[in-house]
file start21.txt (compact mmCIF, N, CA and C atoms)
# COMPACT_ATOMS: atom_id res chain seq x y z
N MET A 1 101.18 -52.30 64.41
CA MET A 1 101.27 -51.39 63.26
C MET A 1 102.66 -50.78 63.23
N THR A 2 103.21 -50.62 62.08
CA THR A 2 104.52 -50.05 61.89
C THR A 2 104.48 -48.54 62.18
N VAL A 3 105.50 -48.04 62.86
CA VAL A 3 105.57 -46.62 63.17
C VAL A 3 105.50 -45.81 61.88
N GLY A 4 104.66 -44.78 61.86
CA GLY A 4 104.53 -43.92 60.69
C GLY A 4 103.64 -44.51 59.60
N CYS A 5 103.06 -45.63 59.86
CA CYS A 5 102.24 -46.31 58.87
C CYS A 5 100.78 -46.13 59.24
N THR A 6 99.96 -45.76 58.28
CA THR A 6 98.54 -45.53 58.57
C THR A 6 97.64 -46.61 58.00
N GLY A 7 98.17 -47.51 57.22
CA GLY A 7 97.38 -48.58 56.64
C GLY A 7 97.99 -49.04 55.34
N PRO A 8 97.51 -50.15 54.81
CA PRO A 8 98.02 -50.63 53.52
C PRO A 8 97.64 -49.67 52.40
N PRO A 9 98.34 -49.73 51.29
CA PRO A 9 98.02 -48.84 50.16
C PRO A 9 96.70 -49.24 49.51
N GLY A 10 96.18 -48.33 48.72
CA GLY A 10 95.00 -48.64 47.91
C GLY A 10 95.40 -49.57 46.78
N ALA A 11 94.42 -50.13 46.13
CA ALA A 11 94.68 -51.05 45.00
C ALA A 11 95.15 -50.27 43.78
N PRO A 12 96.13 -50.77 43.05
CA PRO A 12 96.50 -50.17 41.77
C PRO A 12 95.30 -50.25 40.82
N SER A 13 95.31 -49.42 39.79
CA SER A 13 94.20 -49.41 38.84
C SER A 13 94.72 -49.29 37.42
N GLY A 14 93.83 -49.49 36.47
CA GLY A 14 94.16 -49.25 35.07
C GLY A 14 95.17 -50.20 34.47
N LEU A 15 95.25 -51.43 34.96
CA LEU A 15 96.19 -52.41 34.40
C LEU A 15 95.84 -52.70 32.96
N VAL A 16 96.82 -52.56 32.07
CA VAL A 16 96.64 -52.87 30.65
C VAL A 16 97.86 -53.61 30.12
N ILE A 17 97.63 -54.43 29.10
CA ILE A 17 98.71 -55.11 28.39
C ILE A 17 99.21 -54.14 27.34
N THR A 18 100.52 -53.89 27.33
CA THR A 18 101.10 -52.97 26.34
C THR A 18 101.89 -53.69 25.27
N GLN A 19 102.21 -54.96 25.49
CA GLN A 19 102.90 -55.75 24.48
C GLN A 19 102.56 -57.22 24.68
N ASN A 20 102.33 -57.92 23.58
CA ASN A 20 102.12 -59.36 23.60
C ASN A 20 102.50 -59.89 22.22
N SER A 21 103.78 -60.19 22.05
CA SER A 21 104.28 -60.59 20.75
C SER A 21 105.47 -61.54 20.91
N GLY A 22 105.38 -62.72 20.33
CA GLY A 22 106.51 -63.64 20.31
C GLY A 22 107.03 -64.03 21.68
N GLY A 23 106.16 -64.14 22.66
CA GLY A 23 106.58 -64.49 24.01
C GLY A 23 107.10 -63.32 24.81
N ASN A 24 107.08 -62.13 24.23
CA ASN A 24 107.45 -60.91 24.95
C ASN A 24 106.17 -60.20 25.38
N VAL A 25 106.04 -59.95 26.68
CA VAL A 25 104.84 -59.31 27.20
C VAL A 25 105.23 -58.12 28.07
N ALA A 26 104.34 -57.15 28.13
CA ALA A 26 104.56 -55.98 28.98
C ALA A 26 103.22 -55.46 29.47
N PHE A 27 103.24 -54.84 30.65
CA PHE A 27 102.05 -54.28 31.28
C PHE A 27 102.38 -52.92 31.87
N ARG A 28 101.34 -52.12 32.07
CA ARG A 28 101.49 -50.89 32.85
C ARG A 28 100.22 -50.70 33.66
N TRP A 29 100.33 -49.90 34.73
CA TRP A 29 99.19 -49.65 35.59
C TRP A 29 99.38 -48.30 36.27
N ASN A 30 98.30 -47.82 36.87
CA ASN A 30 98.33 -46.55 37.59
C ASN A 30 98.77 -46.81 39.03
N ALA A 31 99.58 -45.91 39.55
CA ALA A 31 100.09 -46.03 40.91
C ALA A 31 98.96 -46.08 41.93
N ALA A 32 99.20 -46.80 42.99
CA ALA A 32 98.25 -46.89 44.09
C ALA A 32 98.40 -45.69 45.02
N THR A 33 97.36 -45.39 45.75
CA THR A 33 97.44 -44.37 46.80
C THR A 33 98.01 -45.00 48.06
N GLY A 34 98.44 -44.18 49.01
CA GLY A 34 98.88 -44.71 50.30
C GLY A 34 100.34 -45.09 50.38
N ASP A 35 101.17 -44.45 49.59
CA ASP A 35 102.62 -44.65 49.68
C ASP A 35 103.08 -46.10 49.53
N PRO A 36 102.77 -46.75 48.42
CA PRO A 36 103.27 -48.11 48.22
C PRO A 36 104.79 -48.12 48.07
N THR A 37 105.41 -49.15 48.59
CA THR A 37 106.86 -49.31 48.45
C THR A 37 107.21 -50.36 47.40
N ASN A 38 106.28 -51.28 47.14
CA ASN A 38 106.51 -52.34 46.17
C ASN A 38 105.20 -52.68 45.46
N TYR A 39 105.35 -53.15 44.22
CA TYR A 39 104.24 -53.72 43.48
C TYR A 39 104.57 -55.17 43.17
N PHE A 40 103.55 -56.01 43.17
CA PHE A 40 103.72 -57.42 42.86
C PHE A 40 102.82 -57.78 41.69
N VAL A 41 103.41 -58.38 40.67
CA VAL A 41 102.66 -58.89 39.53
C VAL A 41 102.28 -60.32 39.87
N GLU A 42 100.98 -60.60 39.87
CA GLU A 42 100.47 -61.93 40.16
C GLU A 42 99.89 -62.53 38.89
N ALA A 43 100.21 -63.78 38.62
CA ALA A 43 99.66 -64.47 37.45
C ALA A 43 99.12 -65.81 37.88
N GLY A 44 97.95 -66.13 37.35
CA GLY A 44 97.32 -67.40 37.68
C GLY A 44 96.79 -68.10 36.45
N SER A 45 96.46 -69.37 36.63
CA SER A 45 95.91 -70.17 35.54
C SER A 45 94.39 -70.05 35.44
N ALA A 46 93.79 -69.35 36.40
CA ALA A 46 92.35 -69.09 36.41
C ALA A 46 92.14 -67.76 37.13
N PRO A 47 90.98 -67.15 36.97
CA PRO A 47 90.73 -65.87 37.63
C PRO A 47 90.99 -65.93 39.13
N GLY A 48 91.70 -64.92 39.64
CA GLY A 48 91.97 -64.80 41.07
C GLY A 48 93.11 -65.64 41.61
N LEU A 49 93.67 -66.54 40.81
CA LEU A 49 94.76 -67.39 41.30
C LEU A 49 96.11 -66.69 41.14
N THR A 50 97.07 -67.13 41.95
CA THR A 50 98.45 -66.63 41.86
C THR A 50 99.42 -67.81 41.74
N ASN A 51 98.96 -68.91 41.15
CA ASN A 51 99.74 -70.14 41.13
C ASN A 51 100.86 -70.16 40.10
N LEU A 52 100.94 -69.16 39.21
CA LEU A 52 101.97 -69.18 38.18
C LEU A 52 103.11 -68.19 38.43
N ALA A 53 102.83 -67.07 39.07
CA ALA A 53 103.88 -66.08 39.33
C ALA A 53 103.44 -65.11 40.40
N ASN A 54 104.41 -64.62 41.15
CA ASN A 54 104.22 -63.56 42.13
C ASN A 54 105.55 -62.82 42.17
N VAL A 55 105.68 -61.77 41.33
CA VAL A 55 106.97 -61.13 41.09
C VAL A 55 106.99 -59.73 41.70
N ASP A 56 107.98 -59.46 42.54
CA ASP A 56 108.18 -58.14 43.13
C ASP A 56 108.89 -57.27 42.10
N VAL A 57 108.27 -56.17 41.68
CA VAL A 57 108.87 -55.27 40.69
C VAL A 57 109.30 -53.94 41.31
N GLY A 58 109.47 -53.92 42.63
CA GLY A 58 109.87 -52.68 43.29
C GLY A 58 108.77 -51.64 43.19
N ASN A 59 109.15 -50.39 43.00
CA ASN A 59 108.12 -49.34 42.94
C ASN A 59 107.78 -48.94 41.51
N ALA A 60 108.15 -49.77 40.52
CA ALA A 60 107.83 -49.50 39.12
C ALA A 60 106.34 -49.70 38.86
N THR A 61 105.82 -48.98 37.88
CA THR A 61 104.42 -49.17 37.47
C THR A 61 104.36 -49.76 36.06
N THR A 62 105.43 -50.47 35.69
CA THR A 62 105.48 -51.22 34.44
C THR A 62 106.19 -52.53 34.71
N PHE A 63 105.96 -53.49 33.83
CA PHE A 63 106.63 -54.79 33.95
C PHE A 63 106.74 -55.39 32.55
N ALA A 64 107.86 -56.00 32.25
CA ALA A 64 108.05 -56.68 30.98
C ALA A 64 108.74 -58.02 31.24
N ALA A 65 108.39 -59.00 30.42
CA ALA A 65 109.01 -60.32 30.52
C ALA A 65 109.17 -60.89 29.12
N SER A 66 110.20 -61.70 28.94
CA SER A 66 110.42 -62.37 27.66
C SER A 66 110.42 -63.87 27.88
N GLY A 67 110.23 -64.62 26.80
CA GLY A 67 110.23 -66.07 26.89
C GLY A 67 109.00 -66.65 27.58
N VAL A 68 107.90 -65.92 27.56
CA VAL A 68 106.67 -66.39 28.19
C VAL A 68 106.07 -67.49 27.31
N GLY A 69 105.80 -68.63 27.90
CA GLY A 69 105.27 -69.77 27.16
C GLY A 69 103.82 -69.58 26.73
N SER A 70 103.42 -70.35 25.75
CA SER A 70 102.04 -70.30 25.27
C SER A 70 101.08 -70.64 26.40
N GLY A 71 99.95 -69.96 26.40
CA GLY A 71 98.93 -70.25 27.39
C GLY A 71 98.07 -69.05 27.67
N THR A 72 97.13 -69.25 28.59
CA THR A 72 96.25 -68.18 29.04
C THR A 72 96.62 -67.85 30.48
N TYR A 73 96.84 -66.58 30.74
CA TYR A 73 97.28 -66.11 32.06
C TYR A 73 96.32 -65.03 32.54
N TYR A 74 95.99 -65.07 33.82
CA TYR A 74 95.15 -64.06 34.46
C TYR A 74 96.08 -63.22 35.34
N ILE A 75 96.22 -61.94 34.99
CA ILE A 75 97.22 -61.08 35.60
C ILE A 75 96.55 -59.99 36.42
N ARG A 76 97.11 -59.71 37.58
CA ARG A 76 96.67 -58.60 38.42
C ARG A 76 97.87 -58.05 39.18
N ILE A 77 97.73 -56.88 39.76
CA ILE A 77 98.80 -56.21 40.49
C ILE A 77 98.32 -55.92 41.91
N ARG A 78 99.22 -56.05 42.87
CA ARG A 78 98.96 -55.61 44.25
C ARG A 78 100.08 -54.67 44.67
N ALA A 79 99.74 -53.71 45.50
CA ALA A 79 100.73 -52.80 46.07
C ALA A 79 100.95 -53.21 47.53
N ARG A 80 102.15 -52.94 48.01
CA ARG A 80 102.46 -53.22 49.42
C ARG A 80 103.23 -52.05 50.01
N ASN A 81 103.08 -51.89 51.32
CA ASN A 81 103.90 -50.98 52.11
C ASN A 81 104.11 -51.67 53.46
N PRO A 82 104.81 -51.06 54.40
CA PRO A 82 105.06 -51.74 55.67
C PRO A 82 103.80 -52.15 56.44
N CYS A 83 102.65 -51.56 56.13
CA CYS A 83 101.41 -51.91 56.83
C CYS A 83 100.68 -53.09 56.22
N GLY A 84 101.03 -53.49 54.99
CA GLY A 84 100.35 -54.63 54.40
C GLY A 84 100.16 -54.49 52.90
N ALA A 85 99.33 -55.36 52.38
CA ALA A 85 99.08 -55.43 50.93
C ALA A 85 97.73 -54.84 50.59
N SER A 86 97.66 -54.29 49.40
CA SER A 86 96.40 -53.75 48.89
C SER A 86 95.51 -54.87 48.38
N GLY A 87 94.31 -54.50 48.01
CA GLY A 87 93.49 -55.38 47.21
C GLY A 87 94.10 -55.47 45.82
N ALA A 88 93.56 -56.36 45.02
CA ALA A 88 94.09 -56.55 43.66
C ALA A 88 93.57 -55.48 42.72
N SER A 89 94.38 -55.19 41.72
CA SER A 89 93.96 -54.32 40.62
C SER A 89 92.91 -55.04 39.78
N ASN A 90 92.45 -54.36 38.75
CA ASN A 90 91.65 -55.08 37.76
C ASN A 90 92.48 -56.21 37.19
N GLU A 91 91.82 -57.25 36.74
CA GLU A 91 92.52 -58.42 36.20
C GLU A 91 92.44 -58.38 34.68
N VAL A 92 93.55 -58.67 34.02
CA VAL A 92 93.56 -58.76 32.56
C VAL A 92 93.87 -60.19 32.17
N ILE A 93 93.36 -60.60 31.03
CA ILE A 93 93.61 -61.93 30.51
C ILE A 93 94.64 -61.82 29.39
N LEU A 94 95.74 -62.51 29.57
CA LEU A 94 96.82 -62.53 28.60
C LEU A 94 96.82 -63.87 27.90
N ILE A 95 96.65 -63.87 26.59
CA ILE A 95 96.70 -65.11 25.81
C ILE A 95 97.94 -65.05 24.95
N VAL A 96 98.89 -65.94 25.25
CA VAL A 96 100.13 -66.02 24.49
C VAL A 96 100.00 -67.20 23.53
N PRO A 97 99.99 -66.93 22.20
CA PRO A 97 99.80 -68.02 21.24
C PRO A 97 100.98 -68.99 21.20
call {"tool": "encode", "arguments": {"input": "start21.txt", "output": "structure tokens"}}
result
Amino acid sequence: MTVGCTGPPGAPSGLVITQNSGGNVAFRWNAATGDPTNYFVEAGSAPGLTNLANVDVGNATTFAASGVGSGTYYIRIRARNPCGASGASNEVILIVP
């Protein structure tokens, strides 16, 4: 265990899509408990998968991307600190026409 670390952070919550237009997408979520140092946006081609993206967004609780291709994406967020990773946030389904 890392010195000064009491355990991994709690899971982020309240993930919502705030923009989905013309390949531009954005999300926001509520901060996790337990002193997270980083958040990771995970995207998969099916529920629970991370086969399309795993992006470190630092300690931000928002994320935006442009040029996202057409398709259906299953998005969730995880928090991390020196003790480990949280469970996943709620999952949202992003459909980019």
call {"tool": "residues_near_point", "arguments": {"input": "start21.txt", "point": "(103.0, -71.6, 28.4)", "cutoff": "10 Å", "atoms": "only C-alpha atoms", "output": "MDAnalysis selection string"}}
result
chainID A and resid 23 67:73 95:97
call {"tool": "residues_near_point", "arguments": {"input": "start21.txt", "point": "(108.5, -57.0, 47.5)", "cutoff": "6 Å", "atoms": "all atoms listed in the file", "output": "list in words"}}
result
Asn38, Tyr39, Asp56, Val57 and Gly58 of chain A
call {"tool": "atom_distance", "arguments": {"input": "start21.txt", "atom1": "atom CA of A:Ser21", "atom2": "atom N of A:Leu94"}}
result
12.4 Å
call {"tool": "residues_around", "arguments": {"input": "start21.txt", "residues": "stretch 51-55 of chain A", "least_positions_apart": "2", "cutoff": "6 Å", "atoms": "all atoms listed in the file", "output": "PyMOL selection string"}}
result
chain A and resi 39-45+49+57
call {"tool": "atom_distance", "arguments": {"input": "start21.txt", "atom1": "atom C of A:Gly84", "atom2": "atom CA of A:Gly7"}}
result
7.5 Å
call {"tool": "atom_distance", "arguments": {"input": "start21.txt", "atom1": "atom CA of A:Leu15", "atom2": "atom CA of A:Gly87"}}
result
13.4 Å
call {"tool": "residues_around", "arguments": {"input": "start21.txt", "residues": "A:Thr61", "least_positions_apart": "6", "cutoff": "6.5 Å", "atoms": "all atoms listed in the file", "output": "short mmCIF file (atom, residue, chain, number, x, y, z; two decimals) with N, CA and C atoms, keeping the file's coordinate frame"}}
result
data_model
loop_
_atom_site.label_atom_id
_atom_site.label_comp_id
_atom_site.auth_asym_id
_atom_site.auth_seq_id
_atom_site.Cartn_x
_atom_site.Cartn_y
_atom_site.Cartn_z
N PHE A 27 103.24 -54.84 30.65
CA PHE A 27 102.05 -54.28 31.28
C PHE A 27 102.38 -52.92 31.87
N ARG A 28 101.34 -52.12 32.07
CA ARG A 28 101.49 -50.89 32.85
C ARG A 28 100.22 -50.70 33.66
N TRP A 29 100.33 -49.90 34.73
CA TRP A 29 99.19 -49.65 35.59
C TRP A 29 99.38 -48.30 36.27
N ASN A 30 98.30 -47.82 36.87
CA ASN A 30 98.33 -46.55 37.59
C ASN A 30 98.77 -46.81 39.03
N ALA A 31 99.58 -45.91 39.55
CA ALA A 31 100.09 -46.03 40.91
C ALA A 31 98.96 -46.08 41.93
#
call {"tool": "select_by_dssp", "arguments": {"input": "start21.txt", "residues": "chain A", "states": "strand (DSSP E)", "output": "tab-separated table (two decimals) with N, CA and C atoms, keeping the file's coordinate frame"}}
result
chain	number	residue	atom	x	y	z
A	13	SER	N	95.31	-49.42	39.79
A	13	SER	CA	94.20	-49.41	38.84
A	13	SER	C	94.72	-49.29	37.42
A	14	GLY	N	93.83	-49.49	36.47
A	14	GLY	CA	94.16	-49.25	35.07
A	14	GLY	C	95.17	-50.20	34.47
A	15	LEU	N	95.25	-51.43	34.96
A	15	LEU	CA	96.19	-52.41	34.40
A	15	LEU	C	95.84	-52.70	32.96
A	16	VAL	N	96.82	-52.56	32.07
A	16	VAL	CA	96.64	-52.87	30.65
A	16	VAL	C	97.86	-53.61	30.12
A	17	ILE	N	97.63	-54.43	29.10
A	17	ILE	CA	98.71	-55.11	28.39
A	17	ILE	C	99.21	-54.14	27.34
A	18	THR	N	100.52	-53.89	27.33
A	18	THR	CA	101.10	-52.97	26.34
A	18	THR	C	101.89	-53.69	25.27
A	19	GLN	N	102.21	-54.96	25.49
A	19	GLN	CA	102.90	-55.75	24.48
A	19	GLN	C	102.56	-57.22	24.68
A	20	ASN	N	102.33	-57.92	23.58
A	20	ASN	CA	102.12	-59.36	23.60
A	20	ASN	C	102.50	-59.89	22.22
A	21	SER	N	103.78	-60.19	22.05
A	21	SER	CA	104.28	-60.59	20.75
A	21	SER	C	105.47	-61.54	20.91
A	24	ASN	N	107.08	-62.13	24.23
A	24	ASN	CA	107.45	-60.91	24.95
A	24	ASN	C	106.17	-60.20	25.38
A	25	VAL	N	106.04	-59.95	26.68
A	25	VAL	CA	104.84	-59.31	27.20
A	25	VAL	C	105.23	-58.12	28.07
A	26	ALA	N	104.34	-57.15	28.13
A	26	ALA	CA	104.56	-55.98	28.98
A	26	ALA	C	103.22	-55.46	29.47
A	27	PHE	N	103.24	-54.84	30.65
A	27	PHE	CA	102.05	-54.28	31.28
A	27	PHE	C	102.38	-52.92	31.87
A	28	ARG	N	101.34	-52.12	32.07
A	28	ARG	CA	101.49	-50.89	32.85
A	28	ARG	C	100.22	-50.70	33.66
A	29	TRP	N	100.33	-49.90	34.73
A	29	TRP	CA	99.19	-49.65	35.59
A	29	TRP	C	99.38	-48.30	36.27
A	30	ASN	N	98.30	-47.82	36.87
A	30	ASN	CA	98.33	-46.55	37.59
A	30	ASN	C	98.77	-46.81	39.03
A	38	ASN	N	106.28	-51.28	47.14
A	38	ASN	CA	106.51	-52.34	46.17
A	38	ASN	C	105.20	-52.68	45.46
A	39	TYR	N	105.35	-53.15	44.22
A	39	TYR	CA	104.24	-53.72	43.48
A	39	TYR	C	104.57	-55.17	43.17
A	40	PHE	N	103.55	-56.01	43.17
A	40	PHE	CA	103.72	-57.42	42.86
A	40	PHE	C	102.82	-57.78	41.69
A	41	VAL	N	103.41	-58.38	40.67
A	41	VAL	CA	102.66	-58.89	39.53
A	41	VAL	C	102.28	-60.32	39.87
A	42	GLU	N	100.98	-60.60	39.87
A	42	GLU	CA	100.47	-61.93	40.16
A	42	GLU	C	99.89	-62.53	38.89
A	43	ALA	N	100.21	-63.78	38.62
A	43	ALA	CA	99.66	-64.47	37.45
A	43	ALA	C	99.12	-65.81	37.88
A	44	GLY	N	97.95	-66.13	37.35
A	44	GLY	CA	97.32	-67.40	37.68
A	44	GLY	C	96.79	-68.10	36.45
A	53	ALA	N	102.83	-67.07	39.07
A	53	ALA	CA	103.88	-66.08	39.33
A	53	ALA	C	103.44	-65.11	40.40
A	54	ASN	N	104.41	-64.62	41.15
A	54	ASN	CA	104.22	-63.56	42.13
A	54	ASN	C	105.55	-62.82	42.17
A	55	VAL	N	105.68	-61.77	41.33
A	55	VAL	CA	106.97	-61.13	41.09
A	55	VAL	C	106.99	-59.73	41.70
A	56	ASP	N	107.98	-59.46	42.54
A	56	ASP	CA	108.18	-58.14	43.13
A	56	ASP	C	108.89	-57.27	42.10
A	62	THR	N	105.43	-50.47	35.69
A	62	THR	CA	105.48	-51.22	34.44
A	62	THR	C	106.19	-52.53	34.71
A	63	PHE	N	105.96	-53.49	33.83
A	63	PHE	CA	106.63	-54.79	33.95
A	63	PHE	C	106.74	-55.39	32.55
A	64	ALA	N	107.86	-56.00	32.25
A	64	ALA	CA	108.05	-56.68	30.98
A	64	ALA	C	108.74	-58.02	31.24
A	65	ALA	N	108.39	-59.00	30.42
A	65	ALA	CA	109.01	-60.32	30.52
A	65	ALA	C	109.17	-60.89	29.12
A	71	GLY	N	99.95	-69.96	26.40
A	71	GLY	CA	98.93	-70.25	27.39
A	71	GLY	C	98.07	-69.05	27.67
A	72	THR	N	97.13	-69.25	28.59
A	72	THR	CA	96.25	-68.18	29.04
A	72	THR	C	96.62	-67.85	30.48
A	73	TYR	N	96.84	-66.58	30.74
A	73	TYR	CA	97.28	-66.11	32.06
A	73	TYR	C	96.32	-65.03	32.54
A	74	TYR	N	95.99	-65.07	33.82
A	74	TYR	CA	95.15	-64.06	34.46
A	74	TYR	C	96.08	-63.22	35.34
A	75	ILE	N	96.22	-61.94	34.99
A	75	ILE	CA	97.22	-61.08	35.60
A	75	ILE	C	96.55	-59.99	36.42
A	76	ARG	N	97.11	-59.71	37.58
A	76	ARG	CA	96.67	-58.60	38.42
A	76	ARG	C	97.87	-58.05	39.18
A	77	ILE	N	97.73	-56.88	39.76
A	77	ILE	CA	98.80	-56.21	40.49
A	77	ILE	C	98.32	-55.92	41.91
A	78	ARG	N	99.22	-56.05	42.87
A	78	ARG	CA	98.96	-55.61	44.25
A	78	ARG	C	100.08	-54.67	44.67
A	79	ALA	N	99.74	-53.71	45.50
A	79	ALA	CA	100.73	-52.80	46.07
A	79	ALA	C	100.95	-53.21	47.53
A	80	ARG	N	102.15	-52.94	48.01
A	80	ARG	CA	102.46	-53.22	49.42
A	80	ARG	C	103.23	-52.05	50.01
A	81	ASN	N	103.08	-51.89	51.32
A	81	ASN	CA	103.90	-50.98	52.11
A	81	ASN	C	104.11	-51.67	53.46
A	84	GLY	N	101.03	-53.49	54.99
A	84	GLY	CA	100.35	-54.63	54.40
A	84	GLY	C	100.16	-54.49	52.90
A	85	ALA	N	99.33	-55.36	52.38
A	85	ALA	CA	99.08	-55.43	50.93
A	85	ALA	C	97.73	-54.84	50.59
A	92	VAL	N	93.55	-58.67	34.02
A	92	VAL	CA	93.56	-58.76	32.56
A	92	VAL	C	93.87	-60.19	32.17
A	93	ILE	N	93.36	-60.60	31.03
A	93	ILE	CA	93.61	-61.93	30.51
A	93	ILE	C	94.64	-61.82	29.39
A	94	LEU	N	95.74	-62.51	29.57
A	94	LEU	CA	96.82	-62.53	28.60
A	94	LEU	C	96.82	-63.87	27.90
A	95	ILE	N	96.65	-63.87	26.59
A	95	ILE	CA	96.70	-65.11	25.81
A	95	ILE	C	97.94	-65.05	24.95
A	96	VAL	N	98.89	-65.94	25.25
A	96	VAL	CA	100.13	-66.02	24.49
A	96	VAL	C	100.00	-67.20	23.53
call {"tool": "closest_residue", "arguments": {"input": "start21.txt", "among": "A:Pro9, A:Ile17, A:Ala88, A:Ala26", "to": "A:Ala64", "atoms": "all atoms listed in the file"}}
result
A:Ala26
